[in-house]
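A.B. asks: There's a structure below that I have some questions on.
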Amino acid sequence: MDAWALARDARDLEDLTVCGMDKVKESRKCFQDLHLTEMASWCEGGKTRNVHLGSCKKMDVTEARQKARAMKAEALGMRT
């Protein structure tokens with residue numbers, strides 16, 4: 001690959017959003033539990049792809065961003 005293609009690929013991997021999301025789940029006894037999850041989103045083929053990364057308790061923002069980059073690279077076919 002030439003230098004321009006590598007720069008474009010690196011720029012594409014950085015173009016994603018990682019954020020925390022609150023999810024409320026109800027149990028059978030009508031109790032509500034609040035779960036904080038990390039989510040990532042990026043544009044892929046003209047559509048927005050939203051991906052669940054995991055619990056906020058188990059990972060911080062930098063780990064979530066690294067996981068999102070790896071998932072995006074796999075989705076775009078940059079890594080196998």
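Chain labels follow the order of the structure tokens: the first chain is A, the next B, and so on; residue numbering restarts at 1 in every chain, and ligands are counted from 1 in their shown order.
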Please extract the residues of chain A with a backbone DSSP assignment of strand (DSSP E) and present them as number ranges by chain.

C.D. replies: A: 17-26, 32-44, 47-55

A.B. asks: Can you list, as a PyMOL selection string, all residues belonging to chain A that DSSP tags as alpha helix (DSSP H)?

C.D. replies: chain A and resi 3-14+61-76

A.B. asks: Taking C-alpha atoms for each residue, export the selection above as an mmCIF file, in the first residue's frame.

C.D. replies:
```cif
data_model
loop_
_atom_site.group_PDB
_atom_site.id
_atom_site.type_symbol
_atom_site.label_atom_id
_atom_site.label_comp_id
_atom_site.auth_asym_id
_atom_site.auth_seq_id
_atom_site.Cartn_x
_atom_site.Cartn_y
_atom_site.Cartn_z
ATOM 1 C CA ALA A 3 1.406 6.249 2.000
ATOM 2 C CA TRP A 4 -1.888 7.853 0.964
ATOM 3 C CA ALA A 5 -3.815 4.614 1.410
ATOM 4 C CA LEU A 6 -2.295 4.037 4.853
ATOM 5 C CA ALA A 7 -3.178 7.589 5.924
ATOM 6 C CA ARG A 8 -6.730 7.166 4.639
ATOM 7 C CA ASP A 9 -7.125 3.856 6.504
ATOM 8 C CA ALA A 10 -5.811 5.386 9.744
ATOM 9 C CA ARG A 11 -8.207 8.321 9.356
ATOM 10 C CA ASP A 12 -11.125 5.947 8.724
ATOM 11 C CA LEU A 13 -10.361 3.997 11.906
ATOM 12 C CA GLU A 14 -10.368 7.192 13.979
ATOM 13 C CA VAL A 61 -13.112 4.475 27.733
ATOM 14 C CA THR A 62 -9.641 3.770 26.293
ATOM 15 C CA GLU A 63 -10.250 0.006 26.260
ATOM 16 C CA ALA A 64 -13.648 0.589 24.663
ATOM 17 C CA ARG A 65 -12.087 2.787 21.942
ATOM 18 C CA GLN A 66 -9.423 0.135 21.197
ATOM 19 C CA LYS A 67 -12.078 -2.573 20.959
ATOM 20 C CA ALA A 68 -14.203 -0.363 18.683
ATOM 21 C CA ARG A 69 -11.222 0.324 16.387
ATOM 22 C CA ALA A 70 -10.530 -3.394 16.090
ATOM 23 C CA MET A 71 -14.198 -4.144 15.320
ATOM 24 C CA LYS A 72 -14.337 -1.383 12.711
ATOM 25 C CA ALA A 73 -11.106 -2.564 11.072
ATOM 26 C CA GLU A 74 -12.516 -6.096 10.856
ATOM 27 C CA ALA A 75 -15.817 -4.814 9.448
ATOM 28 C CA LEU A 76 -14.006 -2.764 6.778
#
```

A.B. asks: Could you check how far CA of Leu16 (chain A) sits from CA of His52 (chain A), in Å to one decimal?

C.D. replies: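 Going from CA of Leu16 (chain A) over to CA of His52 (chain A) covers 13.3 Å.
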
A.B. asks: Here is a test: counting only C-alpha atoms, which residue of A:Asp15, A:Gly46, A:Leu53, A:Met21 is nearest to Leu34 (chain A)?

C.D. replies: A:Met21

A.B. asks: Rounded to one decimal in Å, what is the spacing between CA of Asn50 (chain A) and CA of Val18 (chain A)?

C.D. replies: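 Computing the Euclidean distance for CA of Asn50 (chain A) and CA of Val18 (chain A) yields 9.8 Å.
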
A.B. asks: What is the distance between CA of Met78 (chain A) and CA of Cys19 (chain A), in Å to one decimal?

C.D. replies: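 Atom-to-atom, CA of Met78 (chain A) to CA of Cys19 (chain A), that is 23.5 Å.
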
A.B. asks: For Thr48 (chain A), which of A:Asp33, A:Asp60, A:Ser27, A:Thr17 is the closest residue, counting only C-alpha atoms?

C.D. replies: A:Thr17
